[in-house]
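The file structure-v2.txt contains compact mmCIF, C-alpha atoms and all ligand atoms:
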```txt
# COMPACT_ATOMS: atom_id res chain seq x y z
CA ALA Z 14 283.38 146.56 303.31
CA GLN Z 15 281.13 145.03 300.68
CA ALA Z 16 282.04 142.94 297.66
CA TRP Z 17 280.21 141.28 294.78
CA VAL Z 18 281.17 137.62 294.39
CA LEU Z 19 280.70 135.44 291.31
CA THR Z 20 278.71 132.55 292.77
CA GLN Z 21 278.81 130.42 289.61
CA HIS Z 22 280.39 130.80 286.21
CA PHE Z 23 278.09 132.52 283.73
CA HIS Z 24 276.24 130.23 281.40
CA GLY Z 25 274.97 132.22 278.47
CA PHE Z 26 273.79 135.68 279.46
CA PRO Z 27 274.70 136.67 283.07
CA THR Z 28 271.79 136.74 285.51
CA ASP Z 29 271.31 138.24 288.98
CA SER Z 30 271.69 134.81 290.60
CA ASP Z 31 275.29 134.55 289.35
CA PHE Z 32 276.25 137.27 291.87
CA GLU Z 33 276.14 137.58 295.64
CA LEU Z 34 276.82 140.63 297.81
CA ARG Z 35 279.13 139.72 300.70
CA VAL Z 36 280.50 141.60 303.69
CA GLU Z 37 284.31 141.46 303.96
CA GLN Z 38 286.44 142.01 307.06
CA LEU Z 39 289.51 144.00 306.05
CA PRO Z 40 292.93 143.74 307.72
CA GLU Z 41 294.73 146.83 308.99
CA PRO Z 42 297.00 148.23 306.25
CA ARG Z 43 300.62 147.19 306.79
CA ASP Z 44 303.76 149.08 305.82
CA GLY Z 45 303.49 150.26 302.21
CA GLU Z 46 299.75 149.55 302.09
CA VAL Z 47 296.73 151.81 301.86
CA LEU Z 48 293.00 151.50 302.57
CA LEU Z 49 290.87 152.57 299.62
CA GLU Z 50 287.26 153.62 299.29
CA ALA Z 51 285.67 153.16 295.86
CA VAL Z 52 284.25 156.29 294.23
CA PHE Z 53 283.48 155.07 290.70
CA LEU Z 54 283.53 151.49 289.43
CA SER Z 55 283.65 150.25 285.88
CA VAL Z 56 281.67 147.49 284.21
CA ASP Z 57 283.32 146.33 280.98
CA PRO Z 58 282.59 143.68 278.36
CA TYR Z 59 285.91 141.86 279.04
CA MET Z 60 284.57 140.79 282.45
CA ARG Z 61 282.26 138.34 280.69
CA PRO Z 62 284.93 136.26 278.84
CA PHE Z 63 287.73 136.85 281.38
CA SER Z 64 285.61 135.67 284.33
CA ARG Z 65 285.81 132.14 282.98
CA VAL Z 66 289.55 132.05 282.36
CA ARG Z 67 290.81 134.27 285.17
CA MET Z 68 288.37 133.60 288.02
CA LYS Z 69 287.13 130.76 290.19
CA GLU Z 70 283.57 130.54 291.46
CA GLY Z 71 283.28 132.23 294.86
CA GLU Z 72 285.84 134.92 294.04
CA VAL Z 73 285.17 138.66 293.99
CA MET Z 74 284.32 139.90 290.47
CA ILE Z 75 287.28 141.34 288.59
CA GLY Z 76 287.24 145.02 287.74
CA THR Z 77 288.79 148.45 287.95
CA GLN Z 78 287.74 151.42 290.04
CA VAL Z 79 288.62 154.98 290.88
CA ALA Z 80 289.17 155.06 294.64
CA LYS Z 81 290.20 157.49 297.34
CA VAL Z 82 292.95 156.72 299.83
CA ILE Z 83 291.31 156.93 303.28
CA GLN Z 84 294.13 155.44 305.36
CA SER Z 85 297.78 155.30 304.33
CA ASN Z 86 301.00 153.59 305.35
CA SER Z 87 302.69 154.68 302.14
CA PRO Z 88 304.38 158.08 301.73
CA ALA Z 89 303.78 157.81 297.98
CA LEU Z 90 299.97 157.83 298.41
CA PRO Z 91 298.77 160.15 301.18
CA VAL Z 92 295.18 160.22 302.46
CA GLY Z 93 292.89 162.02 300.01
CA ARG Z 94 294.81 160.95 296.88
CA HIS Z 95 292.77 159.30 294.11
CA VAL Z 96 293.99 156.22 292.28
CA VAL Z 97 292.92 153.72 289.67
CA GLY Z 98 293.08 150.19 291.03
CA ARG Z 99 292.27 146.68 289.88
CA CYS Z 100 290.44 146.02 293.14
CA GLY Z 101 287.47 144.10 291.82
CA TRP Z 102 283.85 144.84 292.68
CA ARG Z 103 284.60 146.09 296.21
CA THR Z 104 283.63 149.17 298.20
CA HIS Z 105 286.85 149.07 300.25
CA THR Z 106 290.22 147.47 299.62
CA VAL Z 107 293.52 147.16 301.46
CA CYS Z 108 296.36 146.89 298.98
CA ASP Z 109 299.98 147.65 298.26
CA ALA Z 110 300.47 151.21 297.04
CA THR Z 111 302.75 149.99 294.24
CA ASP Z 112 299.84 148.07 292.66
CA LEU Z 113 297.89 151.29 292.10
CA ILE Z 114 298.03 153.97 289.42
CA PRO Z 115 297.74 157.45 290.92
CA ILE Z 116 295.41 159.78 289.01
CA MET Z 117 297.60 162.31 287.17
CA GLU Z 118 298.60 165.22 289.45
CA ASP Z 119 297.23 167.88 287.10
CA TRP Z 120 293.83 166.26 286.51
CA PRO Z 121 291.56 169.28 285.91
CA GLU Z 122 288.96 169.97 288.57
CA GLU Z 123 286.19 170.36 286.00
CA VAL Z 124 286.80 166.88 284.54
CA SER Z 125 285.07 164.03 286.38
CA LEU Z 126 287.47 161.46 287.82
CA SER Z 127 285.23 158.77 286.32
CA LEU Z 128 286.83 159.53 282.95
CA ALA Z 129 289.88 157.66 284.28
CA LEU Z 130 287.78 154.53 283.65
CA GLY Z 131 286.65 155.71 280.21
CA ALA Z 132 288.00 158.13 277.64
CA VAL Z 133 291.08 158.94 279.74
CA GLY Z 134 291.52 155.36 280.83
CA MET Z 135 291.56 151.85 279.44
CA PRO Z 136 288.81 152.28 276.80
CA GLY Z 137 290.38 155.53 275.51
CA LEU Z 138 293.78 153.85 275.29
CA THR Z 139 292.22 150.93 273.42
CA ALA Z 140 290.73 153.32 270.86
CA LEU Z 141 294.02 155.18 270.42
CA TYR Z 142 296.23 152.09 270.04
CA GLY Z 143 293.77 150.35 267.75
CA LEU Z 144 293.78 153.34 265.41
CA GLU Z 145 297.45 154.28 265.57
CA GLU Z 146 299.40 151.12 266.33
CA VAL Z 147 297.22 148.50 264.65
CA LEU Z 148 295.46 150.26 261.79
CA GLY Z 149 297.95 153.07 261.17
CA LEU Z 150 294.97 155.23 260.21
CA GLN Z 151 295.84 158.01 257.77
CA ALA Z 152 294.09 161.32 257.06
CA GLY Z 153 291.52 161.02 254.29
CA GLU Z 154 290.81 157.34 254.90
CA THR Z 155 287.35 155.89 255.56
CA LEU Z 156 286.86 154.03 258.83
CA LEU Z 157 284.06 151.76 260.00
CA VAL Z 158 283.49 151.19 263.73
CA ASN Z 159 280.75 149.21 265.46
CA ALA Z 160 279.47 149.39 269.05
CA ALA Z 161 280.22 152.98 268.08
CA ALA Z 162 278.22 154.68 270.83
CA GLY Z 163 280.04 152.77 273.56
CA ALA Z 164 283.10 153.56 275.64
CA VAL Z 165 285.68 152.48 273.05
CA GLY Z 166 283.69 153.12 269.87
CA SER Z 167 282.74 156.71 270.69
CA VAL Z 168 286.41 157.57 271.25
CA VAL Z 169 287.48 155.68 268.11
CA GLY Z 170 285.16 157.76 265.94
CA GLN Z 171 286.17 161.06 267.51
CA ILE Z 172 289.91 160.42 267.24
CA ALA Z 173 289.43 159.37 263.62
CA LYS Z 174 287.67 162.71 262.99
CA ILE Z 175 290.54 164.56 264.71
CA LYS Z 176 292.85 162.76 262.26
CA GLY Z 177 290.85 163.97 259.27
CA CYS Z 178 289.11 160.73 258.36
CA ARG Z 179 285.64 159.89 257.19
CA VAL Z 180 283.88 157.88 259.88
CA VAL Z 181 280.95 155.49 259.64
CA GLY Z 182 279.51 154.23 262.93
CA SER Z 183 277.04 151.47 263.72
CA ALA Z 184 275.05 151.25 266.96
CA GLY Z 185 271.95 149.55 268.30
CA SER Z 186 269.35 152.28 268.85
CA ASP Z 187 268.13 155.51 267.27
CA ALA Z 188 269.18 157.46 270.38
CA LYS Z 189 272.71 156.08 269.98
CA VAL Z 190 272.77 156.95 266.29
CA ALA Z 191 271.68 160.52 267.12
CA PHE Z 192 274.52 160.68 269.65
CA LEU Z 193 277.02 159.60 266.98
CA ARG Z 194 275.85 162.42 264.75
CA GLU Z 195 276.35 164.88 267.64
CA LEU Z 196 279.91 163.57 267.86
CA GLY Z 197 280.51 164.38 264.20
CA PHE Z 198 280.37 160.91 262.65
CA ASP Z 199 279.86 161.30 258.89
CA ARG Z 200 277.44 158.40 258.45
CA THR Z 201 275.61 156.34 261.03
CA LEU Z 202 273.37 153.31 261.05
CA ASN Z 203 271.23 151.37 263.49
CA TYR Z 204 272.23 147.77 262.79
CA LYS Z 205 269.09 146.52 264.51
CA THR Z 206 266.65 148.30 262.22
CA VAL Z 207 268.36 148.52 258.80
CA ALA Z 208 266.62 146.40 256.19
CA SER Z 209 269.95 145.20 254.84
CA LEU Z 210 273.22 145.71 256.69
CA ASP Z 211 275.15 144.99 253.53
CA GLN Z 212 273.32 147.71 251.63
CA ALA Z 213 273.52 150.21 254.51
CA LEU Z 214 277.29 149.75 254.79
CA ARG Z 215 277.69 150.09 251.02
CA GLU Z 216 275.60 153.26 250.88
CA ALA Z 217 277.52 154.78 253.77
CA ALA Z 218 280.83 154.30 251.93
CA PRO Z 219 280.27 153.48 248.23
CA ASP Z 220 284.03 153.24 247.61
CA GLY Z 221 284.51 150.87 250.54
CA TYR Z 222 286.39 151.06 253.82
CA ASP Z 223 290.13 151.44 254.29
CA CYS Z 224 289.93 150.50 257.95
CA TYR Z 225 287.53 148.62 260.18
CA PHE Z 226 287.64 148.85 263.98
CA GLU Z 227 285.92 145.65 265.04
CA ASN Z 228 284.16 145.53 268.42
CA VAL Z 229 281.33 143.12 267.73
CA GLY Z 230 282.25 140.03 265.65
CA GLY Z 231 279.82 137.45 264.31
CA PRO Z 232 277.57 138.08 261.32
CA PHE Z 233 278.26 141.86 261.36
CA SER Z 234 281.91 141.15 260.59
CA SER Z 235 281.19 138.79 257.78
CA VAL Z 236 279.10 141.47 256.09
CA ALA Z 237 281.52 144.30 256.87
CA LEU Z 238 284.54 142.47 255.45
CA GLN Z 239 282.83 142.31 252.06
CA GLN Z 240 282.78 146.11 252.02
CA MET Z 241 286.51 146.58 252.60
CA LYS Z 242 288.71 148.13 249.94
CA ASP Z 243 291.56 146.05 248.57
CA PHE Z 244 294.41 146.00 251.10
CA GLY Z 245 291.98 147.12 253.81
CA ARG Z 246 293.09 146.83 257.44
CA ILE Z 247 291.03 145.42 260.29
CA ALA Z 248 291.75 145.89 263.99
CA VAL Z 249 290.01 143.16 265.95
CA CYS Z 250 289.40 144.78 269.31
CA GLY Z 251 286.38 142.88 270.59
CA GLY Z 252 283.61 140.46 269.77
CA ILE Z 253 280.80 141.38 272.13
CA SER Z 254 278.16 139.61 270.05
CA LEU Z 255 279.92 136.33 270.86
CA TYR Z 256 280.69 136.67 274.58
CA ASN Z 257 277.47 135.04 275.79
CA ASP Z 258 277.44 132.23 273.24
CA THR Z 259 277.27 128.79 274.82
CA THR Z 260 278.87 127.04 271.85
CA PRO Z 261 282.15 128.28 270.34
CA GLN Z 262 281.76 130.09 267.04
CA THR Z 263 283.00 128.23 263.99
CA GLY Z 264 281.86 130.63 261.28
CA PRO Z 265 280.69 132.18 259.07
CA TYR Z 266 283.96 133.65 257.97
CA PRO Z 267 284.54 135.29 254.59
CA HIS Z 268 287.71 133.41 253.87
CA LEU Z 269 287.85 134.13 250.16
CA THR Z 270 287.19 137.83 250.75
CA MET Z 271 290.29 137.96 252.93
CA ILE Z 272 292.30 136.50 250.07
CA PHE Z 273 290.85 138.34 247.10
CA LYS Z 274 290.84 141.72 248.82
CA GLN Z 275 294.26 140.97 250.40
CA LEU Z 276 293.05 142.19 253.78
CA LYS Z 277 295.17 142.52 256.88
CA MET Z 278 293.53 141.61 260.16
CA GLU Z 279 295.14 141.93 263.58
CA GLY Z 280 293.77 141.17 267.01
CA PHE Z 281 295.11 143.27 269.85
CA MET Z 282 294.88 144.04 273.55
CA GLN Z 283 295.62 147.53 274.78
CA SER Z 284 298.04 146.17 277.40
CA ARG Z 285 300.59 145.54 274.60
CA TRP Z 286 301.48 149.25 274.74
CA GLU Z 287 301.49 149.62 278.54
CA HIS Z 288 304.84 151.44 278.33
CA LYS Z 289 303.05 154.22 276.42
CA HIS Z 290 300.11 154.60 278.80
CA PRO Z 291 301.26 157.73 280.72
CA GLU Z 292 302.03 159.67 277.54
CA SER Z 293 298.86 158.43 275.83
CA LEU Z 294 296.64 159.39 278.77
CA LYS Z 295 298.07 162.92 278.54
CA ARG Z 296 297.15 163.07 274.84
CA LEU Z 297 293.62 161.88 275.57
CA MET Z 298 293.23 164.41 278.39
CA ALA Z 299 294.48 167.21 276.12
CA TRP Z 300 291.72 166.37 273.60
CA VAL Z 301 289.14 166.36 276.41
CA LYS Z 302 290.31 169.78 277.62
CA GLU Z 303 290.22 171.18 274.09
CA GLY Z 304 286.65 169.93 273.69
CA LYS Z 305 287.69 167.63 270.82
CA LEU Z 306 286.81 164.50 272.75
CA GLN Z 307 283.31 164.47 274.20
CA CYS Z 308 282.72 161.94 276.91
CA ARG Z 309 279.24 160.72 277.58
CA GLU Z 310 278.69 158.38 280.50
CA HIS Z 311 275.89 156.07 281.50
CA ILE Z 312 275.95 156.35 285.28
CA THR Z 313 274.26 153.85 287.59
CA GLU Z 314 273.95 155.02 291.19
CA GLY Z 315 274.75 152.64 294.01
CA PHE Z 316 277.16 149.77 294.56
CA ALA Z 317 274.14 147.50 295.11
CA ASN Z 318 273.27 147.92 291.43
CA MET Z 319 276.56 146.65 289.97
CA PRO Z 320 275.21 143.37 288.55
CA ALA Z 321 272.28 145.22 286.97
CA ALA Z 322 274.67 147.77 285.45
CA PHE Z 323 276.88 144.98 284.07
CA ILE Z 324 273.96 143.06 282.58
CA GLY Z 325 272.48 146.31 281.23
CA MET Z 326 275.76 147.18 279.49
CA LEU Z 327 275.89 143.75 277.84
CA GLN Z 328 272.31 144.33 276.67
CA GLY Z 329 273.25 147.70 275.18
CA GLU Z 330 271.57 150.03 277.72
CA ASN Z 331 274.57 152.35 277.85
CA ILE Z 332 275.31 155.36 275.69
CA GLY Z 333 278.96 156.11 276.36
CA LYS Z 334 280.92 154.54 279.20
CA ALA Z 335 279.00 152.45 281.74
CA ILE Z 336 279.99 153.65 285.22
CA ILE Z 337 278.80 152.91 288.73
CA LYS Z 338 278.84 155.77 291.22
CA VAL Z 339 279.05 154.48 294.76
P1 LIG S 401 280.52 149.48 275.23
O1 LIG S 401 280.50 150.72 276.04
O2 LIG S 401 280.54 149.58 273.75
O3 LIG S 401 279.29 148.60 275.70
C1 LIG S 401 278.96 147.41 275.06
C2 LIG S 401 278.05 147.68 273.84
O4 LIG S 401 278.14 146.57 272.97
C3 LIG S 401 276.58 147.78 274.17
O5 LIG S 401 276.20 149.06 274.58
C4 LIG S 401 275.92 147.38 272.86
O6 LIG S 401 275.68 148.51 272.07
C5 LIG S 401 276.99 146.53 272.16
N1 LIG S 401 276.52 145.16 272.02
C6 LIG S 401 276.12 144.31 272.96
N2 LIG S 401 275.73 143.13 272.43
C7 LIG S 401 275.86 143.27 271.10
C8 LIG S 401 275.60 142.41 269.98
N3 LIG S 401 275.13 141.16 270.15
N4 LIG S 401 275.86 142.87 268.75
C9 LIG S 401 276.33 144.12 268.57
N5 LIG S 401 276.60 144.98 269.59
C10 LIG S 401 276.36 144.55 270.83
O7 LIG S 401 281.76 148.58 275.68
P2 LIG S 401 283.30 148.95 275.47
O8 LIG S 401 283.41 150.16 274.65
O9 LIG S 401 283.95 148.91 276.80
O10 LIG S 401 283.85 147.71 274.64
C11 LIG S 401 283.60 147.61 273.24
C12 LIG S 401 284.35 146.41 272.69
O11 LIG S 401 285.75 146.61 272.85
C13 LIG S 401 284.02 145.10 273.39
O12 LIG S 401 283.99 144.06 272.43
C14 LIG S 401 285.20 144.90 274.32
O13 LIG S 401 285.41 143.57 274.66
C15 LIG S 401 286.32 145.49 273.48
N6 LIG S 401 287.49 145.93 274.24
C16 LIG S 401 288.70 145.43 273.87
C17 LIG S 401 289.86 145.86 274.49
C18 LIG S 401 291.17 145.36 274.01
O14 LIG S 401 292.21 145.68 274.60
N7 LIG S 401 291.19 144.59 272.93
C19 LIG S 401 289.80 146.81 275.63
C20 LIG S 401 288.47 147.32 275.89
C21 LIG S 401 287.36 146.88 275.22
P3 LIG S 401 274.61 148.50 270.85
O15 LIG S 401 273.35 149.08 271.43
O16 LIG S 401 275.24 149.35 269.84
O17 LIG S 401 274.42 147.08 270.44
```

Go ahead and express the file in the form of structure tokens.
Amino acid sequence: AQAWVLTQHFHGFPTDSDFELRVEQLPEPRDGEVLLEAVFLSVDPYMRPFSRVRMKEGEVMIGTQVAKVIQSNSPALPVGRHVVGRCGWRTHTVCDATDLIPIMEDWPEEVSLSLALGAVGMPGLTALYGLEEVLGLQAGETLLVNAAAGAVGSVVGQIAKIKGCRVVGSAGSDAKVAFLRELGFDRTLNYKTVASLDQALREAAPDGYDCYFENVGGPFSSVALQQMKDFGRIAVCGGISLYNDTTPQTGPYPHLTMIFKQLKMEGFMQSRWEHKHPESLKRLMAWVKEGKLQCREHITEGFANMPAAFIGMLQGENIGKAIIKV
């Protein structure tokens, strides 16, 4: 078994030397336990901030994977069954069957199991809850989403279109912007090349935004908040532009805009609605099967390339969900 260990806490942007590939000796599975083999692994932005608060140096990197049961001492999970597990960056894991989420029994053969880490997994759930539970998005409303070509953002925009909304998406390359148009976004912008973000956001929605699905934070937010309608709602999902900062952010923050426009801003984590996950995953899968939810993936081959895939995702290499295929 192989595992990627965090050798030292990240300082600023992660580098190759923060990781080390180690060989692990695994115990025999005991009663109720299974031996898993990773098939697809996920690299996600949360790993950057969570590594500092949830991990010690020398520990295996946190993370989720789709894995196959290759040895079983649990009747609930026979050999050959696929599961989603929080096993970390490991090729093989021995763990208690009750800690794993079996892939839904009726997962269609034509749908890649990797989607259980993307649109029909945690990022898809994040998009759904942010739109429905936090924003309460209504048909006819105008929504802004950034990091729009990524795992969460691409699902946010597509669900908003399903709900009959007008969607404006921002992303960091022309190829990503072209992808957003393929997905049916009404207006798109490349935040890296626009002459004025303020003007681009205003032109994309001259009457302003009812809702803003925030994935990025920092200066983008300050500009975007100025373009909200009165009583606009903001779901603060992520702040990827801040995750590698070495000094905590203190501003800028458009305080007076919040007051004068009477905005409502709510941070959230998808785990708040864990009780709804099974039903929500079914809804997401139904949209995938109907062709209403297109799922692009950025696949990196080889477990050895996990750090590179993680760093690449933080640098914006990925269109769609960043996945590692073992
Ligand atoms: P993505 O697939 O969107 O990948 C990350 C993307 O972020 C990159 O491709 C890049 O796209 C963009 N990015 C990187 N650095 C910057 C920057 N400095 N400024 C603007 N954009 C940047 O990741 P996810 O879809 O998995 O996650 C998106 C956001 O959602 C993250 O902030 C994440 O932490 C958050 N999240 C929150 C959850 C919750 O429960 N609250 C759950 C899951 C995710 P580009 O080329 O467009 O810059």

Using only C-alpha atoms and all ligand atoms, which residues of the polymer chains come no farther than 6 Å from ligand LIG 401 (chain S)? I'd like the answer as a PyMOL selection string.
chain Z and resi 57-59+136+139+160+163-166+184-186+228-229+250-254+281-283+326-331+333-334

If we count all atoms listed in the file, what is near Ser127 (chain Z) at a cut-off of 7 Å, once residues fewer than 2 positions away on the same chain are taken out, given as number ranges by chain?
Z: 53, 79, 125, 129-131

Produce a file of the selected residues containing C-alpha atoms, as a compact mmCIF listing (two decimals), in the frame of the given file.
```
# COMPACT_ATOMS: atom_id res chain seq x y z
CA PHE Z 53 283.48 155.07 290.70
CA VAL Z 79 288.62 154.98 290.88
CA SER Z 125 285.07 164.03 286.38
CA ALA Z 129 289.88 157.66 284.28
CA LEU Z 130 287.78 154.53 283.65
CA GLY Z 131 286.65 155.71 280.21
```

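Atom pair CA of Gly137 (chain Z) / CA of Val168 (chain Z) has a distance of 6.2 Å (rounded to one decimal).
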
So, counting only C-alpha atoms, which residue among Z:Glu122, Z:Gly304, Z:Gln262, Z:Phe233 is closest to Ser209 (chain Z)?
Z:Phe233

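The point (291.5, 172.7, 280.1) has these residues within 9 Å of it when only C-alpha atoms are used: Pro121, Glu123, Val124, Met298, Ala299, Val301, Lys302, Glu303 and Gly304 of chain Z.
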
Identify which of the residues Z:Leu294, Z:Cys308, Z:Met68, Z:Val249 lies closest to Glu195 (chain Z), counting only C-alpha atoms when measuring atom-to-atom distances.
Z:Cys308

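Minimum atom-to-atom distance to Gly170 (chain Z), evaluated using all atoms listed in the file, belongs to Z:Gln307 out of Z:Thr77, Z:Ser64, Z:Gln307, Z:Ser85.
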
Which neighbours of region 33-35 of chain Z fall inside 6 Å, counting only C-alpha atoms, when residues of the same chain fewer than 2 positions from it are skipped, and could you give them as a ChimeraX atom specification?
/Z:15-18

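Candidate residues Z:Gln84, Z:Gln212, Z:Leu306, Z:Val96 were compared for distance to Val52 (chain Z), and the nearest is Z:Val96, using all atoms listed in the file.
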
Mind checking which residues fall within 12 Å of Val169 (chain Z), counting all atoms listed in the file, ignoring those fewer than 4 positions away in the same chain, and posting them as a PyMOL selection string?
chain Z and resi 132+136-145+148+150+156-165+173-176+178-182+193+196-198+224-228+248+250+297+306-308+333

Using all atoms listed in the file, which of Z:Met74, Z:Leu48, Z:Leu238, Z:Thr20 sits nearest Val92 (chain Z)?
Z:Leu48

Report, in Å with one decimal, the straight-line distance from CA of Gln239 (chain Z) to CA of Pro267 (chain Z).
7.7 Å

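Here CA of Val82 (chain Z) is placed at a distance of 13.2 Å from CA of Asp112 (chain Z).
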
Close residues, Gln21 (chain Z) itself excluded, 10 Å, only C-alpha atoms, min 3 positions apart in chain, as a ChimeraX atom specification
/Z:18,24,27,30-33,65,69-72

Show me as a PDB file with C-alpha atoms, in the coordinates of the input the residues that reach within 9 Å of (299.4, 142.9, 251.9), counting all atoms listed in the file and using the file's own coordinates.
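Dumped everything to result13.pdb:
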```pdb
ATOM      1  CA  PHE Z 244     294.410 146.000 251.100  1.00  0.00           C
ATOM      2  CA  GLY Z 245     291.980 147.120 253.810  1.00  0.00           C
ATOM      3  CA  GLN Z 275     294.260 140.970 250.400  1.00  0.00           C
ATOM      4  CA  LEU Z 276     293.050 142.190 253.780  1.00  0.00           C
ATOM      5  CA  LYS Z 277     295.170 142.520 256.880  1.00  0.00           C
TER       6      LYS Z 277
END
```

Hey, can I get the axis-aligned box for region 24-32 of chain Z? All listed atoms, 3 Å padding on each side, centre and edge lengths in Å to one decimal, as lines of an AutoDock Vina configuration file.
```
center_x = 273.8
center_y = 134.2
center_z = 285.2
size_x = 10.9
size_y = 14.0
size_z = 19.4
```

Can you give me N, CA and C atoms for region 306-319 of chain Z, written as an mmCIF file, in the coordinates of the input?
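part18.cif was written with the following content:
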```cif
data_model
loop_
_atom_site.group_PDB
_atom_site.id
_atom_site.type_symbol
_atom_site.label_atom_id
_atom_site.label_comp_id
_atom_site.auth_asym_id
_atom_site.auth_seq_id
_atom_site.Cartn_x
_atom_site.Cartn_y
_atom_site.Cartn_z
ATOM 1 N N LEU Z 306 287.246 165.837 272.353
ATOM 2 C CA LEU Z 306 286.810 164.500 272.750
ATOM 3 C C LEU Z 306 285.680 164.662 273.759
ATOM 4 N N GLN Z 307 284.459 164.373 273.294
ATOM 5 C CA GLN Z 307 283.310 164.470 274.200
ATOM 6 C C GLN Z 307 283.100 163.122 274.866
ATOM 7 N N CYS Z 308 282.780 163.177 276.140
ATOM 8 C CA CYS Z 308 282.720 161.940 276.910
ATOM 9 C C CYS Z 308 281.364 161.799 277.550
ATOM 10 N N ARG Z 309 280.535 160.974 276.948
ATOM 11 C CA ARG Z 309 279.240 160.720 277.580
ATOM 12 C C ARG Z 309 279.392 159.496 278.474
ATOM 13 N N GLU Z 310 278.638 159.516 279.579
ATOM 14 C CA GLU Z 310 278.690 158.380 280.500
ATOM 15 C C GLU Z 310 277.275 157.924 280.824
ATOM 16 N N HIS Z 311 277.171 156.641 281.074
ATOM 17 C CA HIS Z 311 275.890 156.070 281.500
ATOM 18 C C HIS Z 311 276.094 155.685 282.961
ATOM 19 N N ILE Z 312 275.601 156.536 283.870
ATOM 20 C CA ILE Z 312 275.950 156.350 285.280
ATOM 21 C C ILE Z 312 274.824 155.650 286.034
ATOM 22 N N THR Z 313 275.186 154.565 286.709
ATOM 23 C CA THR Z 313 274.260 153.850 287.590
ATOM 24 C C THR Z 313 274.648 154.204 289.019
ATOM 25 N N GLU Z 314 273.674 154.637 289.809
ATOM 26 C CA GLU Z 314 273.950 155.020 291.190
ATOM 27 C C GLU Z 314 273.861 153.804 292.095
ATOM 28 N N GLY Z 315 274.854 153.643 292.953
ATOM 29 C CA GLY Z 315 274.750 152.640 294.010
ATOM 30 C C GLY Z 315 275.500 151.353 293.719
ATOM 31 N N PHE Z 316 276.373 151.001 294.665
ATOM 32 C CA PHE Z 316 277.160 149.770 294.560
ATOM 33 C C PHE Z 316 276.252 148.535 294.463
ATOM 34 N N ALA Z 317 275.086 148.617 295.109
ATOM 35 C CA ALA Z 317 274.140 147.500 295.110
ATOM 36 C C ALA Z 317 273.672 147.169 293.698
ATOM 37 N N ASN Z 318 273.788 148.122 292.790
ATOM 38 C CA ASN Z 318 273.270 147.920 291.430
ATOM 39 C C ASN Z 318 274.333 147.475 290.425
ATOM 40 N N MET Z 319 275.491 147.039 290.917
ATOM 41 C CA MET Z 319 276.560 146.650 289.970
ATOM 42 C C MET Z 319 276.162 145.517 289.022
#
```
